[in-house]
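Please read the structure below before turning to the comments.
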Amino acid sequence: MEVAADMARFDLAVVNGTLVIPFVGTLSGDVAARDGTIVQIADAIDPADAEVVIDARGKLVFPGAVDPHVHIGIYRPVTADAESETTSSLVGGVTTVVSYFRTGSHYLNKTGLYHEILPEVLDAVRGHAYTDYGFHIAVMTSAQVDEVDWMVGEMGIGSFKYYMFYKGLNLAASSTDAAAYTMSDVYDLGHLYRYMQAVSAASRKYGQAGRISLSIHCEHAEIIRTMIDEINAERASGLEAYSRARPPFQERLAIAEATLLADQTACPINLLHLSSAEALAGGIKARRDYDGLDIQLETTLHHLALTYDTAHGIESGKVNPPIRGQDDIEALWRGIFRGDLNQVVSDHACCQTEIKQGGTWEAQPGFGGTGLLYPVMVSEGYHKRGLPLQRVAELISAQPARNFGLYPRKGTIAVGADADLAIVDPNEEGPVTVDRCLSAQDHTPFDGFPIKGWPTHTIRGGQLMFEHGKVVGKPDGRFLKRPLALHEGRG
Ligand SMILES: [Zn+2]
């Protein structure tokens, strides 16, 4: 039978590639998509049956990465940041982002109820994201605690955040105090306890449809304050001094406090961006101590790849928790190989050089990395350390999707899943450059970092979005109400 081009059975087909399936392995096969969904995986799909055909010979076909730790709009207007930074996501093979939002300083610089502010945030992003997207919300005030059930059940916010180190925040002598920064009535362990009770209740009510959780930035303000005094007395500065001012043991102390409260309240938690051997050990110990408590452990690309000597100084590489040394990098990789760390993220925050001035204490923390998710994990994990390809896909796609209520529509290659794919040339070599990342950020601490394994194509919902360094799709990514199964009415 002859099939005319306009009668194509498939919108898109990827042929001749090696599929990388999380929890399964690699296999040869072709994939076809129609109406945004994967509809066929077969030994061979006839290219004549598809409107768009991508030949992936010699390449790896991964599920699109799910980057569950980005900060859209933290330092720049939300709409512009959504456009430019999800563009950068496509470079890294990322097709879904879950972004943090909170009231207080930065972002929209205001406080109030999420009943008013959340619709404003969603309006600002709608029609401006190149990836599909969701939000984690940080409950900053006691009035917002009462909004948790509504946020999960009505608004599709399946995960929340708490910042341990905002309590008693006074990070530099001239800096803002905690109340002015958080714009909160009370932001301490008492608030966290009530907050965990609310998230735990939402988990019991809605958790059958997908995981509901609280993510925690584990650093300890009181220890940081006294360590900064010590480092200042030495007149030390720079990234190595910054790391000593926020030493690994204070991450571990914050983990000890947070996990005890999580156990008391039976609140599922994610310990974010663990940066050190000590923090990882604290997370593993908490799992042993609190049998039955759901604790997921996260680290970032930069904590797996950069040291305070290689991250181009405070003006580029300042971030919280700080970038550490080579020993901590290797300890984190061992945690990945053992399976203790189960998601790797970018912690992407577009932070221009302009606001990273003023020295070690005054420079703003954070930088981008979403455009490097597959490149760094294929280079540093697969090529350099022999991490199996399916583990790469698990760490940056399947497990984040599971942790945040998106699996299996996101996070795998299967019939019925969204047709989100990252095609990676495992042999394409070239250093990271600012230009290559397609972010609005004018520097990167990864500048010059050698990569072997760049994405050549990124496909989202069956549409080709990114091809050989250029964006070819539109910013029509969808807002994902999580857990997906709850809001789509199927279990
Ligand atoms: Zn972050």
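In the structure tokens, chains take letters A, B, ... by order of appearance, with residues numbered from 1 within each chain and ligands from 1 in the order shown.
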Test item: residues at most 10 Å from Val186 (chain A), only C-alpha atoms, excluding those fewer than 3 positions along its chain, as an MDAnalysis selection string: chainID A and resid 140:142 167 178:179 182:183 189:192
Would you please give, as a VMD selection string, all residues of region 76-140 of chain A that DSSP assigns to alpha helix (DSSP H) based on the backbone? chain A and resid 78 to 91 114 to 125
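Taking only C-alpha atoms and all ligand atoms into account, the residues that come within 10 Å of ligand 1 are Pro68, His69, Val70, His71, Ile74, Ser99, Tyr100, Phe101, Lys161, Tyr163, Ile216, His217, Leu272, His273, Thr300, Val319, Asn320, Pro321, Val345, Ser346, Asp347, His348, Ala349, Pro365, Gly366 and Phe367 of chain A.
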Output file for the residues above (N, CA, C and O atoms, as a CSV table (one decimal), in the first residue's frame):
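Saved as out_33.csv:
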chain,number,residue,atom,x,y,z
A,68,PRO,N,14.5,18.2,38.0
A,68,PRO,CA,13.6,18.6,39.1
A,68,PRO,C,14.1,19.7,40.0
A,68,PRO,O,13.5,19.9,41.1
A,69,HIS,N,15.2,20.3,39.6
A,69,HIS,CA,15.8,21.3,40.5
A,69,HIS,C,16.2,22.5,39.7
A,69,HIS,O,17.4,22.6,39.3
A,70,VAL,N,15.3,23.4,39.3
A,70,VAL,CA,15.7,24.6,38.7
A,70,VAL,C,14.9,25.8,39.4
A,70,VAL,O,14.0,25.6,40.1
A,71,HIS,N,15.4,27.0,39.1
A,71,HIS,CA,14.9,28.2,39.8
A,71,HIS,C,14.5,29.2,38.7
A,71,HIS,O,15.2,30.2,38.5
A,74,ILE,N,14.3,33.4,39.6
A,74,ILE,CA,14.9,33.8,40.9
A,74,ILE,C,15.5,35.1,40.9
A,74,ILE,O,15.4,35.9,41.8
A,99,SER,N,10.3,23.5,38.8
A,99,SER,CA,11.0,24.7,39.2
A,99,SER,C,10.5,25.1,40.7
A,99,SER,O,9.4,24.9,41.0
A,100,TYR,N,11.5,25.6,41.4
A,100,TYR,CA,11.2,26.0,42.8
A,100,TYR,C,10.6,27.5,42.7
A,100,TYR,O,11.0,28.3,41.9
A,101,PHE,N,9.6,27.7,43.6
A,101,PHE,CA,9.2,29.1,43.8
A,101,PHE,C,8.9,29.3,45.2
A,101,PHE,O,8.4,28.4,45.9
A,161,LYS,N,9.1,22.8,49.6
A,161,LYS,CA,10.5,23.1,50.0
A,161,LYS,C,10.7,23.8,51.3
A,161,LYS,O,9.9,24.7,51.6
A,163,TYR,N,14.0,25.7,53.6
A,163,TYR,CA,15.4,26.1,53.7
A,163,TYR,C,15.9,26.2,55.1
A,163,TYR,O,15.6,27.1,55.8
A,216,ILE,N,14.3,19.5,51.2
A,216,ILE,CA,15.0,20.3,52.2
A,216,ILE,C,16.4,20.7,51.8
A,216,ILE,O,17.2,19.8,51.4
A,217,HIS,N,16.7,22.0,51.9
A,217,HIS,CA,18.0,22.5,51.7
A,217,HIS,C,18.7,22.4,53.1
A,217,HIS,O,18.3,23.2,54.0
A,272,LEU,N,18.2,17.7,49.5
A,272,LEU,CA,18.7,18.3,48.2
A,272,LEU,C,20.2,18.5,48.1
A,272,LEU,O,20.8,18.6,49.2
A,273,HIS,N,20.7,18.5,46.9
A,273,HIS,CA,22.0,18.9,46.6
A,273,HIS,C,23.1,18.6,47.6
A,273,HIS,O,23.8,19.4,48.1
A,300,THR,N,24.1,17.3,42.7
A,300,THR,CA,24.1,18.1,41.5
A,300,THR,C,25.2,17.8,40.6
A,300,THR,O,26.2,17.2,41.0
A,319,VAL,N,28.0,29.0,45.1
A,319,VAL,CA,26.7,28.4,45.2
A,319,VAL,C,26.5,27.8,46.5
A,319,VAL,O,27.5,27.6,47.3
A,320,ASN,N,25.3,27.6,47.0
A,320,ASN,CA,25.0,26.9,48.2
A,320,ASN,C,24.3,25.6,48.0
A,320,ASN,O,23.3,25.5,47.3
A,321,PRO,N,24.8,24.5,48.7
A,321,PRO,CA,26.0,24.4,49.5
A,321,PRO,C,27.2,24.6,48.5
A,321,PRO,O,27.1,24.3,47.3
A,345,VAL,N,20.7,16.5,39.5
A,345,VAL,CA,20.0,17.7,39.0
A,345,VAL,C,21.0,18.8,38.7
A,345,VAL,O,22.2,18.7,39.0
A,346,SER,N,20.4,19.9,38.1
A,346,SER,CA,21.3,21.0,37.8
A,346,SER,C,21.3,22.1,38.9
A,346,SER,O,22.3,22.8,39.1
A,347,ASP,N,20.2,22.2,39.7
A,347,ASP,CA,20.1,23.4,40.6
A,347,ASP,C,20.3,24.7,39.8
A,347,ASP,O,20.9,25.6,40.2
A,348,HIS,N,19.7,24.7,38.6
A,348,HIS,CA,19.9,25.8,37.7
A,348,HIS,C,19.2,27.1,38.2
A,348,HIS,O,18.0,27.2,38.4
A,349,ALA,N,20.1,28.2,38.3
A,349,ALA,CA,19.6,29.5,38.7
A,349,ALA,C,20.4,30.5,37.8
A,349,ALA,O,21.6,30.6,38.0
A,365,PRO,N,24.5,33.7,45.2
A,365,PRO,CA,24.8,32.3,44.9
A,365,PRO,C,24.0,31.7,43.8
A,365,PRO,O,22.9,32.2,43.5
A,366,GLY,N,24.6,30.7,43.1
A,366,GLY,CA,23.9,30.0,42.1
A,366,GLY,C,24.4,30.3,40.7
A,366,GLY,O,25.1,31.3,40.5
A,367,PHE,N,24.1,29.4,39.8
A,367,PHE,CA,24.5,29.5,38.4
A,367,PHE,C,23.7,28.4,37.6
A,367,PHE,O,23.0,27.6,38.2
Might you pull out every residue within 10 Å of Val78 (chain A), with only C-alpha atoms counted and same-chain residues fewer than 4 positions away left off, and present them as a PyMOL selection string? chain A and resi 71-74+82-83+107-108+121-125+128
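Every residue of region 392-458 of chain A with a DSSP assignment of strand (DSSP E), taken from the backbone, is listed as Leu421, Ala422, Ile423, Val424, Asp425, Pro426, Asn427, Glu428, Glu429, Gly430, Pro431, Pro450, Ile451, Lys452, Gly453, Trp454, Pro455, Thr456, His457 and Thr458 of chain A.
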Selection from above, C-alpha atoms, as a PDB file, in the first residue's frame, can you write it?
ATOM      1  CA  LEU A 421      13.543  11.863  23.814  1.00  0.00           C
ATOM      2  CA  ALA A 422      17.160  13.009  23.985  1.00  0.00           C
ATOM      3  CA  ILE A 423      19.394  11.737  21.199  1.00  0.00           C
ATOM      4  CA  VAL A 424      23.028  11.805  22.260  1.00  0.00           C
ATOM      5  CA  ASP A 425      26.108  11.305  20.125  1.00  0.00           C
ATOM      6  CA  PRO A 426      28.315   9.471  22.641  1.00  0.00           C
ATOM      7  CA  ASN A 427      31.456  10.350  20.698  1.00  0.00           C
ATOM      8  CA  GLU A 428      30.927  14.048  20.071  1.00  0.00           C
ATOM      9  CA  GLU A 429      33.676  15.871  21.941  1.00  0.00           C
ATOM     10  CA  GLY A 430      33.991  19.538  22.759  1.00  0.00           C
ATOM     11  CA  PRO A 431      34.333  21.811  25.774  1.00  0.00           C
ATOM     12  CA  PRO A 450      35.669  18.744  28.504  1.00  0.00           C
ATOM     13  CA  ILE A 451      32.578  16.853  27.354  1.00  0.00           C
ATOM     14  CA  LYS A 452      32.297  13.630  25.374  1.00  0.00           C
ATOM     15  CA  GLY A 453      28.643  12.985  24.570  1.00  0.00           C
ATOM     16  CA  TRP A 454      26.542  15.968  23.444  1.00  0.00           C
ATOM     17  CA  PRO A 455      22.833  15.740  22.584  1.00  0.00           C
ATOM     18  CA  THR A 456      22.217  16.258  18.868  1.00  0.00           C
ATOM     19  CA  HIS A 457      18.389  16.273  19.022  1.00  0.00           C
ATOM     20  CA  THR A 458      15.839  16.898  21.759  1.00  0.00           C
TER      21      THR A 458
END
So which residues touch Leu271 (chain A) within 12 Å, counting only C-alpha atoms, skipping near sequence neighbours fewer than 6 positions away, as a count of residues only? 43
For the atom pair CA of Glu488 (chain A) and CA of Val148 (chain A), what is the interatomic distance in Å to one decimal place?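 Going from CA of Glu488 (chain A) over to CA of Val148 (chain A), I get 19.6 Å.
Counting from CA of Arg324 (chain A), the distance to CA of Ser275 (chain A) is 7.0 Å.
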Residues within 8 Å of region 390-396 of chain A, only C-alpha atoms, excluding chain neighbours under 4 positions, as a CSV table (one decimal) with N, CA and C atoms, in the first residue's frame:
chain,number,residue,atom,x,y,z
A,20,VAL,N,18.0,3.5,25.2
A,20,VAL,CA,18.5,3.4,26.6
A,20,VAL,C,17.2,3.4,27.5
A,21,ILE,N,16.9,2.3,28.0
A,21,ILE,CA,15.6,2.2,28.8
A,21,ILE,C,16.0,2.0,30.3
A,22,PRO,N,15.5,3.0,31.1
A,22,PRO,CA,15.8,2.9,32.6
A,22,PRO,C,15.3,1.5,33.2
A,23,PHE,N,16.1,1.0,34.1
A,23,PHE,CA,15.8,-0.3,34.8
A,23,PHE,C,15.8,-1.5,33.8
A,24,VAL,N,16.1,-1.3,32.5
A,24,VAL,CA,16.1,-2.4,31.6
A,24,VAL,C,17.5,-2.6,31.0
A,25,GLY,N,17.9,-1.5,30.3
A,25,GLY,CA,19.3,-1.6,29.6
A,25,GLY,C,19.2,-1.0,28.2
A,26,THR,N,20.1,-1.4,27.4
A,26,THR,CA,20.1,-0.8,26.0
A,26,THR,C,19.7,-1.9,25.0
A,62,PHE,N,17.9,8.4,24.5
A,62,PHE,CA,17.5,8.4,26.0
A,62,PHE,C,16.1,8.9,26.2
A,63,PRO,N,15.4,8.6,27.3
A,63,PRO,CA,14.2,9.4,27.6
A,63,PRO,C,14.6,10.8,27.9
A,65,ALA,N,15.4,14.1,29.7
A,65,ALA,CA,15.8,14.2,31.1
A,65,ALA,C,14.7,15.0,31.8
A,66,VAL,N,14.5,14.7,33.1
A,66,VAL,CA,13.6,15.5,34.0
A,66,VAL,C,14.5,16.2,35.0
A,67,ASP,N,14.6,17.5,34.9
A,67,ASP,CA,15.4,18.3,35.8
A,67,ASP,C,14.5,18.8,36.9
A,342,ASN,N,19.9,9.0,44.4
A,342,ASN,CA,19.1,8.5,43.3
A,342,ASN,C,18.7,9.6,42.4
A,343,GLN,N,19.0,10.8,42.6
A,343,GLN,CA,18.8,11.8,41.5
A,343,GLN,C,19.9,12.8,41.4
A,344,VAL,N,20.2,13.1,40.1
A,344,VAL,CA,21.2,14.2,39.8
A,344,VAL,C,20.5,15.3,39.1
A,345,VAL,N,20.7,16.5,39.5
A,345,VAL,CA,20.0,17.7,39.0
A,345,VAL,C,21.0,18.8,38.7
A,373,LEU,N,23.0,18.5,31.5
A,373,LEU,CA,22.6,17.3,32.3
A,373,LEU,C,23.1,16.0,31.6
A,374,TYR,N,22.6,15.7,30.4
A,374,TYR,CA,23.2,14.5,29.7
A,374,TYR,C,24.7,14.7,29.4
A,377,MET,N,26.7,13.9,32.6
A,377,MET,CA,26.5,12.5,33.1
A,377,MET,C,27.0,11.4,32.1
A,378,VAL,N,26.9,11.7,30.8
A,378,VAL,CA,27.5,10.7,29.9
A,378,VAL,C,29.1,10.8,30.0
A,381,GLY,N,30.1,10.1,34.0
A,381,GLY,CA,29.6,8.9,34.5
A,381,GLY,C,29.9,7.7,33.6
A,382,TYR,N,29.4,7.7,32.4
A,382,TYR,CA,29.6,6.6,31.5
A,382,TYR,C,31.0,6.5,31.0
A,400,PRO,N,14.0,11.0,39.1
A,400,PRO,CA,13.3,12.3,39.3
A,400,PRO,C,11.8,12.2,39.0
A,411,GLY,N,10.0,10.0,32.1
A,411,GLY,CA,11.0,9.3,32.7
A,411,GLY,C,11.3,7.9,32.1
Polymer residues at most 10 Å from region 200-210 of chain A, only C-alpha atoms, same-chain spacing of 5 or more positions, as number ranges by chain: A: 148-153, 158-159, 194-195, 262, 265-269, 402-407, 482-491
Write out, as a CSV table (one decimal), in the first residue's frame, the residues just selected, with N, CA, C and O atoms.
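See out.csv below for the written result:
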chain,number,residue,atom,x,y,z
A,148,VAL,N,-1.5,24.1,51.9
A,148,VAL,CA,-0.9,22.9,51.4
A,148,VAL,C,-1.9,21.9,50.7
A,148,VAL,O,-1.7,21.5,49.5
A,149,ASP,N,-3.0,21.6,51.4
A,149,ASP,CA,-4.0,20.7,50.8
A,149,ASP,C,-4.5,21.2,49.5
A,149,ASP,O,-4.6,20.4,48.5
A,150,TRP,N,-4.9,22.5,49.5
A,150,TRP,CA,-5.4,23.1,48.2
A,150,TRP,C,-4.3,23.1,47.1
A,150,TRP,O,-4.7,22.8,46.0
A,151,MET,N,-3.1,23.3,47.5
A,151,MET,CA,-2.1,23.3,46.4
A,151,MET,C,-1.9,22.0,45.8
A,151,MET,O,-1.8,21.9,44.6
A,152,VAL,N,-2.0,20.9,46.6
A,152,VAL,CA,-1.8,19.5,46.0
A,152,VAL,C,-3.1,19.2,45.3
A,152,VAL,O,-3.0,18.8,44.1
A,153,GLY,N,-4.2,19.3,45.9
A,153,GLY,CA,-5.5,18.7,45.4
A,153,GLY,C,-6.0,19.5,44.2
A,153,GLY,O,-6.6,18.9,43.3
A,158,GLY,N,2.8,19.0,43.7
A,158,GLY,CA,3.0,17.8,44.4
A,158,GLY,C,4.2,17.7,45.3
A,158,GLY,O,4.5,16.7,45.9
A,159,SER,N,4.9,18.8,45.5
A,159,SER,CA,6.1,18.8,46.3
A,159,SER,C,6.4,20.2,46.8
A,159,SER,O,6.0,21.2,46.2
A,194,ARG,N,5.2,22.1,61.8
A,194,ARG,CA,3.8,22.2,61.3
A,194,ARG,C,3.7,21.9,59.8
A,194,ARG,O,2.8,21.3,59.4
A,195,TYR,N,4.7,22.4,59.1
A,195,TYR,CA,4.7,22.3,57.6
A,195,TYR,C,4.8,20.8,57.3
A,195,TYR,O,4.1,20.3,56.4
A,262,ALA,N,11.1,14.8,60.3
A,262,ALA,CA,10.4,14.1,59.3
A,262,ALA,C,9.9,12.8,59.8
A,262,ALA,O,8.8,12.3,59.5
A,265,THR,N,6.9,13.2,62.1
A,265,THR,CA,5.7,13.6,61.4
A,265,THR,C,5.3,12.6,60.2
A,265,THR,O,4.3,12.8,59.5
A,266,ALA,N,6.2,11.6,59.9
A,266,ALA,CA,6.0,10.7,58.8
A,266,ALA,C,5.9,11.4,57.5
A,266,ALA,O,5.0,11.2,56.7
A,267,CYS,N,6.8,12.4,57.3
A,267,CYS,CA,6.7,13.2,56.1
A,267,CYS,C,7.8,12.7,55.1
A,267,CYS,O,9.0,12.8,55.4
A,268,PRO,N,7.4,12.3,53.9
A,268,PRO,CA,8.4,11.9,52.9
A,268,PRO,C,9.3,13.1,52.5
A,268,PRO,O,8.7,14.2,52.3
A,269,ILE,N,10.6,12.9,52.5
A,269,ILE,CA,11.5,14.1,52.2
A,269,ILE,C,12.5,13.7,51.2
A,269,ILE,O,12.8,12.6,50.9
A,402,ARG,N,9.8,9.6,39.1
A,402,ARG,CA,9.1,8.9,40.2
A,402,ARG,C,9.0,9.7,41.4
A,402,ARG,O,8.0,9.7,42.1
A,403,ASN,N,10.1,10.4,41.8
A,403,ASN,CA,10.1,11.1,43.0
A,403,ASN,C,9.1,12.2,43.0
A,403,ASN,O,8.6,12.6,44.1
A,404,PHE,N,8.8,12.8,41.9
A,404,PHE,CA,7.9,13.9,41.8
A,404,PHE,C,6.6,13.7,41.1
A,404,PHE,O,6.0,14.6,40.5
A,405,GLY,N,6.1,12.4,41.1
A,405,GLY,CA,4.8,12.2,40.6
A,405,GLY,C,4.6,12.3,39.1
A,405,GLY,O,3.5,12.6,38.6
A,406,LEU,N,5.6,12.0,38.3
A,406,LEU,CA,5.5,12.1,36.8
A,406,LEU,C,5.6,10.8,36.1
A,406,LEU,O,5.4,10.7,34.9
A,407,TYR,N,6.1,9.8,36.8
A,407,TYR,CA,6.4,8.5,36.2
A,407,TYR,C,5.1,7.7,36.1
A,407,TYR,O,4.2,7.8,36.9
A,482,ARG,N,0.8,17.8,39.3
A,482,ARG,CA,1.4,16.6,39.9
A,482,ARG,C,0.7,16.3,41.2
A,482,ARG,O,0.3,17.2,41.9
A,483,PRO,N,0.6,15.0,41.6
A,483,PRO,CA,0.9,13.8,40.8
A,483,PRO,C,0.0,13.7,39.6
A,483,PRO,O,-1.2,13.9,39.7
A,484,LEU,N,0.6,13.3,38.4
A,484,LEU,CA,-0.1,13.3,37.2
A,484,LEU,C,-1.3,12.4,37.3
A,484,LEU,O,-2.4,12.7,36.8
A,485,ALA,N,-1.2,11.2,38.0
A,485,ALA,CA,-2.3,10.3,38.0
A,485,ALA,C,-3.5,10.8,38.8
A,485,ALA,O,-4.6,10.5,38.5
A,486,LEU,N,-3.2,11.7,39.8
A,486,LEU,CA,-4.3,12.3,40.5
A,486,LEU,C,-5.1,13.3,39.6
A,486,LEU,O,-6.3,13.3,39.6
A,487,HIS,N,-4.4,14.1,38.9
A,487,HIS,CA,-5.0,15.2,38.2
A,487,HIS,C,-5.5,14.7,36.8
A,487,HIS,O,-6.3,15.4,36.2
A,488,GLU,N,-5.0,13.6,36.3
A,488,GLU,CA,-5.6,13.0,35.1
A,488,GLU,C,-6.7,12.0,35.4
A,488,GLU,O,-7.2,11.5,34.4
A,489,GLY,N,-7.0,11.8,36.6
A,489,GLY,CA,-8.1,10.9,37.0
A,489,GLY,C,-7.8,9.5,36.7
A,489,GLY,O,-8.8,8.7,36.5
A,490,ARG,N,-6.6,9.1,36.5
A,490,ARG,CA,-6.3,7.6,36.4
A,490,ARG,C,-5.2,7.2,37.3
A,490,ARG,O,-4.3,8.0,37.6
A,491,GLY,N,-5.4,6.0,37.8
A,491,GLY,CA,-4.4,5.5,38.8
A,491,GLY,C,-3.2,4.8,38.2
A,491,GLY,O,-3.0,4.7,37.0
Check which residues of region 426-487 of chain A sit at most 8 Å from region 27-36 of chain A using only C-alpha atoms, and return one row each with the closest pair of atoms and their distance in Å to one decimal, ordered by chain and rising number, as a Markdown table.
| residue | atom | partner | partner_atom | distance |
| --- | --- | --- | --- | --- |
| A:Arg460 | CA | A:Gly36 | CA | 7.8 |
| A:Gly461 | CA | A:Gly36 | CA | 4.1 |
| A:Gly462 | CA | A:Gly36 | CA | 4.6 |
| A:Gln463 | CA | A:Gly36 | CA | 7.4 |
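CA of Pro445 (chain A) is positioned 21.9 Å from CA of Arg385 (chain A).
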Pick out the residues sitting within 9 Å of Ile314 (chain A), and hand them over as a PyMOL selection string; count only C-alpha atoms, and ignore anything fewer than 5 positions along from it in its own chain. chain A and resi 237-239+242+319+356-357+359-360+363+365
Top pick for closest residue to Val52 (chain A), considering A:Phe10, A:His443, A:Gly335, A:Val91 and counting only C-alpha atoms: A:Phe10
